[in-house]
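Student: This is the structure I want to talk about, given as structure tokens.
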There are 2 protein chains.
Amino acid sequence: MPAPARTGREQIVEAASMLLDEGGADAVTMQAVADRVGVRSPSLYKHVRHRSDLLAAVVHAAVDEVTDGLAAVRVDGDARASIVAQVDAMRRFARARPHAYALVMGAAPGQPRPTPEAMRASLRFLLAATGELAGEAHALDAARLVVAWANGFITMELADALQMGGDIDEAWRWGLARIVAAIGG
Amino acid sequence: MPAPARTGREQIVEAASMLLDEGGADAVTMQAVADRVGVRSPSLYKHVRHRSDLLAAVVHAAVDEVTDGLAAVRVDGDARASIVAQVDAMRRFARARPHAYALVMGAAPGQPRPTPEAMRASLRFLLAATGELAGEAHALDAARLVVAWANGFITMELADALQMGGDIDEAWRWGLARIVAAIGG
DNA sequence: GTCTATATTTCGATAGAC
DNA sequence: GTCTATCGAAATATAGAC
């Protein structure tokens, strides 16, 4: 056997995810990924079709991570507590992996997007909770309200926008309480 | 006189803004800007220090445009109407210039940001309105709530996230009504 | 102030030997 | 499957003539 495999698609996606976290999508170059996994850049093309294929895999892995996190913190018997726990988990993920968060939530037009099915899976338990509070007829509207507020808040927090003084965590809790109340809680 | 001026900083920023709208920040290359204004790329450096200087000017012009738009639609005697008018104006701007909107609201980590003063100026009349509704003690929290929701909704709308069926304009109106009610309206 | 010419770097991707 | 070698494209920016 001439050349044993020294890397694989999984390890490549992992390295690309780290580079995304460290320097954004632009930092995910084939050269940088190759350095990270310890091979020469042409070898990557035996595991990945092209750069966009790799980036799509990175986004897919990130949205899966979010989905698992949201599923893990849900509270089955308490809709209010479940909503709070899930948006808190969103915020934790965003703080830990801001660039990945931006890709998942589609903050940058023209960047790779997760599939609609993957996004739906992420919001499964949030939809259940908002349905309990707002009624099935408005479950979707209410989920959109919650996610929109949380996403907007998190995005601006990461960008240091709305830096107008005041305690940011206090603003988060104040807003969250109002949002939950607004959808029928 | 050896070479009369065929362009100027204002025209260059304008061309760069058009390129931003058409293809995002990555499309704003010195070459593309030069083609657009009708000169060779080295000539641009007589009007602009470097590319980041140009991009910063583009962002500044965009936030000024937003500020003017928000000031124009405000309703002085009616806080609820003023809030609705201003978030509607935000949404119109985002639909007209999605890439510019993303830069202004800081959706992409690592991109050029408007100055805090410019952002504050944009939110002046919104703060006045939320102060009326929520009380001065919570004017800032309430403004953050409104802007966060609007920004999150708009961002996801532009990215086709939360595309889970239902009328998107109806969701906007439903959410907006709840938000205004939530802050004391 | 604009031009030609160019330095320099970096990128994605391919060819072909082993 | 990995490697060396390389192509071709595109980018920012500078030097110096006019």
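Residues in the structure tokens are numbered from 1 in each chain, the chains being A, B, ... in the order shown, and ligands are numbered from 1 in the order shown.
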I'd like the contact shell of DC3 in chain D - 9 Å cut-off, only C-alpha atoms (C1' of nucleotides), skipping same-chain residues fewer than 5 positions apart - returned as an MDAnalysis selection string.
Tutor: (chainID A and resid 40 42:43) or (chainID C and resid 17:18)
Student: I need the residues of range 55-174 of chain A that end up classed as alpha helix (DSSP H) by DSSP on the backbone, written out as a count of residues only.
Tutor: 89
Student: Using only C-alpha atoms (C1' of nucleotides), find which residues of chain A lie within 12 Å of chain D and jot them down as JSON, numbers by chain.
Tutor: {"A": [1, 2, 3, 4, 5, 6, 7, 8, 34, 38, 39, 40, 41, 42, 43, 44, 45, 46, 47]}
Student: For the selection you just gave me, I'd like the residues written to a file as a compact mmCIF listing (two decimals), in the first residue's frame, keeping all heavy atoms.
Tutor:
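Printed below is out_31.txt as written:
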# COMPACT_ATOMS: atom_id res chain seq x y z
N MET A 1 0.85 -1.20 0.00
CA MET A 1 0.00 0.00 0.00
C MET A 1 0.87 1.24 0.00
O MET A 1 1.67 1.44 0.90
CB MET A 1 -0.91 0.01 1.20
CG MET A 1 -0.30 -0.66 2.43
SD MET A 1 -1.49 -0.91 3.71
CE MET A 1 -0.79 -2.28 4.59
N PRO A 2 0.65 2.09 -0.94
CA PRO A 2 1.58 3.17 -1.21
C PRO A 2 1.51 4.31 -0.19
O PRO A 2 2.53 4.78 0.28
CB PRO A 2 1.16 3.68 -2.60
CG PRO A 2 -0.19 3.08 -2.87
CD PRO A 2 -0.46 2.02 -1.88
N ALA A 3 0.33 4.74 0.17
CA ALA A 3 0.23 5.91 1.06
C ALA A 3 -0.98 5.77 1.97
O ALA A 3 -2.10 5.99 1.55
CB ALA A 3 0.11 7.20 0.24
N PRO A 4 -0.74 5.39 3.23
CA PRO A 4 -1.85 5.20 4.17
C PRO A 4 -2.54 6.52 4.48
O PRO A 4 -1.90 7.58 4.48
CB PRO A 4 -1.14 4.64 5.41
CG PRO A 4 0.27 5.12 5.30
CD PRO A 4 0.57 5.17 3.84
N ALA A 5 -3.82 6.49 4.73
CA ALA A 5 -4.59 7.71 5.03
C ALA A 5 -4.09 8.36 6.31
O ALA A 5 -3.98 7.70 7.34
CB ALA A 5 -6.07 7.36 5.14
N ARG A 6 -3.79 9.62 6.23
CA ARG A 6 -3.33 10.32 7.43
C ARG A 6 -4.38 11.29 7.97
O ARG A 6 -4.18 11.94 8.98
CB ARG A 6 -2.03 11.08 7.12
CG ARG A 6 -0.85 10.16 6.91
CD ARG A 6 0.39 10.77 7.55
NE ARG A 6 0.64 12.11 7.06
CZ ARG A 6 1.40 12.39 6.00
NH1 ARG A 6 1.99 11.42 5.34
NH2 ARG A 6 1.59 13.62 5.63
N THR A 7 -5.46 11.41 7.23
CA THR A 7 -6.54 12.26 7.71
C THR A 7 -7.85 11.76 7.13
O THR A 7 -7.88 10.80 6.38
CB THR A 7 -6.32 13.73 7.31
OG1 THR A 7 -7.29 14.54 7.95
CG2 THR A 7 -6.40 13.90 5.81
N GLY A 8 -8.94 12.37 7.50
CA GLY A 8 -10.25 11.97 7.00
C GLY A 8 -11.18 13.15 7.02
O GLY A 8 -10.85 14.21 7.56
N ALA A 34 -5.15 22.44 5.70
CA ALA A 34 -4.13 21.41 5.48
C ALA A 34 -3.04 21.47 6.54
O ALA A 34 -2.63 20.44 7.10
CB ALA A 34 -3.53 21.59 4.08
N GLY A 38 -2.17 18.55 9.15
CA GLY A 38 -0.85 17.97 8.95
C GLY A 38 -0.63 17.28 7.61
O GLY A 38 0.11 16.31 7.52
N VAL A 39 -1.28 17.81 6.58
CA VAL A 39 -1.02 17.29 5.23
C VAL A 39 -0.82 18.49 4.29
O VAL A 39 -0.92 19.64 4.70
CB VAL A 39 -2.19 16.42 4.70
CG1 VAL A 39 -2.46 15.26 5.62
CG2 VAL A 39 -3.43 17.26 4.49
N ARG A 40 -0.54 18.20 3.03
CA ARG A 40 -0.44 19.27 2.03
C ARG A 40 -1.82 19.53 1.45
O ARG A 40 -2.66 18.63 1.38
CB ARG A 40 0.53 18.86 0.92
CG ARG A 40 1.93 18.54 1.41
CD ARG A 40 2.62 19.77 1.92
NE ARG A 40 4.03 19.53 2.27
CZ ARG A 40 4.89 20.45 2.60
NH1 ARG A 40 4.50 21.71 2.65
NH2 ARG A 40 6.14 20.15 2.92
N SER A 41 -2.04 20.76 1.02
CA SER A 41 -3.39 21.17 0.64
C SER A 41 -4.02 20.32 -0.48
O SER A 41 -5.22 20.05 -0.41
CB SER A 41 -3.41 22.65 0.27
OG SER A 41 -2.58 22.91 -0.82
N PRO A 42 -3.26 19.87 -1.48
CA PRO A 42 -3.92 19.07 -2.52
C PRO A 42 -4.54 17.79 -1.98
O PRO A 42 -5.53 17.29 -2.54
CB PRO A 42 -2.77 18.75 -3.50
CG PRO A 42 -1.82 19.86 -3.32
CD PRO A 42 -1.85 20.17 -1.86
N SER A 43 -4.01 17.26 -0.89
CA SER A 43 -4.55 16.01 -0.34
C SER A 43 -5.98 16.19 0.16
O SER A 43 -6.75 15.22 0.21
CB SER A 43 -3.66 15.54 0.81
OG SER A 43 -2.32 15.40 0.38
N LEU A 44 -6.34 17.40 0.52
CA LEU A 44 -7.69 17.64 1.04
C LEU A 44 -8.76 17.28 0.01
O LEU A 44 -9.86 16.86 0.37
CB LEU A 44 -7.85 19.11 1.45
CG LEU A 44 -6.97 19.60 2.59
CD1 LEU A 44 -7.21 21.08 2.84
CD2 LEU A 44 -7.23 18.79 3.85
N TYR A 45 -8.39 17.44 -1.26
CA TYR A 45 -9.39 17.25 -2.31
C TYR A 45 -9.75 15.78 -2.51
O TYR A 45 -10.62 15.45 -3.32
CB TYR A 45 -8.91 17.88 -3.62
CG TYR A 45 -8.86 19.39 -3.56
CD1 TYR A 45 -7.72 20.06 -3.13
CD2 TYR A 45 -9.99 20.15 -3.87
CE1 TYR A 45 -7.68 21.45 -3.05
CE2 TYR A 45 -9.96 21.53 -3.79
CZ TYR A 45 -8.81 22.18 -3.38
OH TYR A 45 -8.77 23.55 -3.29
N LYS A 46 -9.05 14.89 -1.79
CA LYS A 46 -9.45 13.48 -1.81
C LYS A 46 -10.59 13.23 -0.82
O LYS A 46 -11.23 12.18 -0.86
CB LYS A 46 -8.25 12.59 -1.44
CG LYS A 46 -7.15 12.59 -2.47
CD LYS A 46 -7.59 11.90 -3.76
CE LYS A 46 -6.45 11.92 -4.78
NZ LYS A 46 -6.84 11.26 -6.05
N HIS A 47 -10.83 14.21 0.05
CA HIS A 47 -11.86 14.03 1.09
C HIS A 47 -13.00 15.02 0.94
O HIS A 47 -14.08 14.82 1.50
CB HIS A 47 -11.22 14.19 2.47
CG HIS A 47 -10.05 13.29 2.70
ND1 HIS A 47 -10.18 12.00 3.19
CD2 HIS A 47 -8.72 13.46 2.49
CE1 HIS A 47 -8.98 11.45 3.30
NE2 HIS A 47 -8.08 12.30 2.87
Student: Find the residues near Val84 in chain B: any atom within 9 Å, counting only C-alpha atoms (C1' of nucleotides), skip ones fewer than 5 places away on the same chain, and give them as a ChimeraX atom specification.
Tutor: /B:79,89,176-177,180
Student: Define the interface residues of chain B facing chain A as those within 6 Å, counting only C-alpha atoms, and report them as number ranges by chain.
Tutor: B: 106-108, 141, 145, 148-149, 151-153, 159, 171, 175, 178, 182
Student: Got a sec to pull out which chain C residues are within 8 Å of chain B, counting only C-alpha atoms (C1' of nucleotides), and send them as a list in words?
Tutor: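 Every residue of chain C that passes the 8 Å test is in DG1, DT2 and DC3 of chain C.
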Student: When you draw a straight line from C1' of DT9 in chain C to CA of Ala27 in chain B, how long is it in Å?
Tutor: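 Calculated distance between C1' of DT9 in chain C and CA of Ala27 in chain B is 19.0 Å.
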Student: List the spatial neighbours of Ala128 in chain B as an mmCIF file with N, CA, C and O atoms, in the first residue's frame - criterion: any atom at most 12 Å away, only C-alpha atoms (C1' of nucleotides), same-chain residues fewer than 2 positions off excluded.
Tutor:
data_model
loop_
_atom_site.group_PDB
_atom_site.id
_atom_site.type_symbol
_atom_site.label_atom_id
_atom_site.label_comp_id
_atom_site.auth_asym_id
_atom_site.auth_seq_id
_atom_site.Cartn_x
_atom_site.Cartn_y
_atom_site.Cartn_z
ATOM 1 N N ALA B 71 -35.343 59.556 11.313
ATOM 2 C CA ALA B 71 -35.765 60.889 11.750
ATOM 3 C C ALA B 71 -36.959 61.355 10.916
ATOM 4 O O ALA B 71 -37.864 62.027 11.427
ATOM 5 N N ARG B 74 -40.492 59.670 12.077
ATOM 6 C CA ARG B 74 -40.919 59.720 13.475
ATOM 7 C C ARG B 74 -42.238 60.477 13.621
ATOM 8 O O ARG B 74 -42.546 61.369 12.813
ATOM 9 N N VAL B 75 -42.977 60.090 14.646
ATOM 10 C CA VAL B 75 -44.235 60.779 14.945
ATOM 11 C C VAL B 75 -44.095 61.376 16.334
ATOM 12 O O VAL B 75 -44.007 60.651 17.321
ATOM 13 N N ASP B 76 -44.084 62.693 16.403
ATOM 14 C CA ASP B 76 -43.676 63.317 17.663
ATOM 15 C C ASP B 76 -44.679 63.177 18.796
ATOM 16 O O ASP B 76 -44.296 63.016 19.945
ATOM 17 N N GLY B 77 -45.943 63.189 18.490
ATOM 18 C CA GLY B 77 -46.911 63.176 19.585
ATOM 19 C C GLY B 77 -47.402 61.797 19.991
ATOM 20 O O GLY B 77 -48.134 61.654 20.950
ATOM 21 N N ASP B 78 -47.004 60.761 19.238
ATOM 22 C CA ASP B 78 -47.592 59.430 19.428
ATOM 23 C C ASP B 78 -46.486 58.385 19.510
ATOM 24 O O ASP B 78 -45.929 57.957 18.492
ATOM 25 N N ALA B 79 -46.161 57.947 20.723
ATOM 26 C CA ALA B 79 -45.025 57.040 20.907
ATOM 27 C C ALA B 79 -45.235 55.711 20.181
ATOM 28 O O ALA B 79 -44.322 55.203 19.530
ATOM 29 N N ARG B 80 -46.430 55.146 20.281
ATOM 30 C CA ARG B 80 -46.689 53.860 19.628
ATOM 31 C C ARG B 80 -46.515 53.972 18.115
ATOM 32 O O ARG B 80 -45.844 53.169 17.488
ATOM 33 N N SER B 82 -44.861 56.124 16.528
ATOM 34 C CA SER B 82 -43.478 56.444 16.195
ATOM 35 C C SER B 82 -42.613 55.180 16.163
ATOM 36 O O SER B 82 -41.787 55.010 15.266
ATOM 37 N N ILE B 83 -42.835 54.309 17.134
ATOM 38 C CA ILE B 83 -42.077 53.050 17.171
ATOM 39 C C ILE B 83 -42.361 52.213 15.932
ATOM 40 O O ILE B 83 -41.457 51.709 15.269
ATOM 41 N N GLN B 86 -40.729 53.633 12.867
ATOM 42 C CA GLN B 86 -39.280 53.530 12.802
ATOM 43 C C GLN B 86 -38.793 52.108 12.531
ATOM 44 O O GLN B 86 -37.833 51.912 11.783
ATOM 45 N N ARG B 120 -25.910 55.878 18.147
ATOM 46 C CA ARG B 120 -26.761 56.570 19.107
ATOM 47 C C ARG B 120 -27.666 57.578 18.414
ATOM 48 O O ARG B 120 -28.840 57.696 18.737
ATOM 49 N N ALA B 121 -27.088 58.287 17.451
ATOM 50 C CA ALA B 121 -27.873 59.283 16.723
ATOM 51 C C ALA B 121 -29.052 58.623 16.018
ATOM 52 O O ALA B 121 -30.159 59.170 15.983
ATOM 53 N N SER B 122 -28.823 57.424 15.489
ATOM 54 C CA SER B 122 -29.894 56.709 14.800
ATOM 55 C C SER B 122 -31.058 56.408 15.728
ATOM 56 O O SER B 122 -32.220 56.417 15.312
ATOM 57 N N LEU B 123 -30.726 56.123 16.978
ATOM 58 C CA LEU B 123 -31.753 55.631 17.899
ATOM 59 C C LEU B 123 -32.368 56.729 18.765
ATOM 60 O O LEU B 123 -33.160 56.453 19.664
ATOM 61 N N ARG B 124 -32.030 57.963 18.450
ATOM 62 C CA ARG B 124 -32.467 59.080 19.289
ATOM 63 C C ARG B 124 -33.987 59.131 19.450
ATOM 64 O O ARG B 124 -34.506 59.202 20.561
ATOM 65 N N PHE B 125 -34.691 59.058 18.348
ATOM 66 C CA PHE B 125 -36.138 59.223 18.422
ATOM 67 C C PHE B 125 -36.837 57.960 18.911
ATOM 68 O O PHE B 125 -37.915 58.025 19.495
ATOM 69 N N LEU B 126 -36.187 56.826 18.680
ATOM 70 C CA LEU B 126 -36.749 55.596 19.231
ATOM 71 C C LEU B 126 -36.660 55.616 20.757
ATOM 72 O O LEU B 126 -37.605 55.231 21.459
ATOM 73 N N THR B 130 -39.704 55.112 23.400
ATOM 74 C CA THR B 130 -39.767 54.064 24.418
ATOM 75 C C THR B 130 -39.764 54.665 25.817
ATOM 76 O O THR B 130 -40.347 54.093 26.735
ATOM 77 N N GLY B 131 -39.127 55.804 25.978
ATOM 78 C CA GLY B 131 -39.152 56.479 27.266
ATOM 79 C C GLY B 131 -40.568 56.882 27.650
ATOM 80 O O GLY B 131 -40.977 56.747 28.804
ATOM 81 N N GLU B 132 -41.314 57.348 26.653
ATOM 82 C CA GLU B 132 -42.705 57.721 26.906
ATOM 83 C C GLU B 132 -43.544 56.535 27.352
ATOM 84 O O GLU B 132 -44.365 56.637 28.262
ATOM 85 N N LEU B 133 -43.306 55.399 26.715
ATOM 86 C CA LEU B 133 -44.145 54.228 26.999
ATOM 87 C C LEU B 133 -43.720 53.462 28.245
ATOM 88 O O LEU B 133 -44.553 53.059 29.049
ATOM 89 N N ALA B 134 -42.412 53.259 28.383
ATOM 90 C CA ALA B 134 -41.933 52.387 29.459
ATOM 91 C C ALA B 134 -41.477 53.169 30.677
ATOM 92 O O ALA B 134 -41.182 52.560 31.710
ATOM 93 N N GLY B 135 -41.420 54.466 30.545
ATOM 94 C CA GLY B 135 -40.873 55.277 31.627
ATOM 95 C C GLY B 135 -39.389 55.480 31.410
ATOM 96 O O GLY B 135 -38.717 54.621 30.826
ATOM 97 N N GLU B 136 -38.899 56.617 31.895
ATOM 98 C CA GLU B 136 -37.493 56.948 31.631
ATOM 99 C C GLU B 136 -36.541 55.905 32.205
ATOM 100 O O GLU B 136 -35.478 55.631 31.646
ATOM 101 N N HIS B 138 -36.739 52.812 32.188
ATOM 102 C CA HIS B 138 -36.602 51.634 31.336
ATOM 103 C C HIS B 138 -36.550 51.991 29.849
ATOM 104 O O HIS B 138 -36.748 51.115 28.996
ATOM 105 N N ALA B 139 -36.282 53.259 29.560
ATOM 106 C CA ALA B 139 -36.248 53.690 28.161
ATOM 107 C C ALA B 139 -35.204 52.901 27.370
ATOM 108 O O ALA B 139 -35.457 52.436 26.257
ATOM 109 N N LEU B 140 -34.040 52.725 27.968
ATOM 110 C CA LEU B 140 -32.962 52.032 27.267
ATOM 111 C C LEU B 140 -33.252 50.545 27.112
ATOM 112 O O LEU B 140 -33.086 49.975 26.022
ATOM 113 N N ALA B 142 -36.123 49.172 27.005
ATOM 114 C CA ALA B 142 -37.218 49.025 26.053
ATOM 115 C C ALA B 142 -36.746 49.243 24.617
ATOM 116 O O ALA B 142 -37.157 48.526 23.692
ATOM 117 N N ALA B 143 -35.857 50.216 24.443
ATOM 118 C CA ALA B 143 -35.320 50.453 23.100
ATOM 119 C C ALA B 143 -34.522 49.238 22.634
ATOM 120 O O ALA B 143 -34.622 48.806 21.477
#
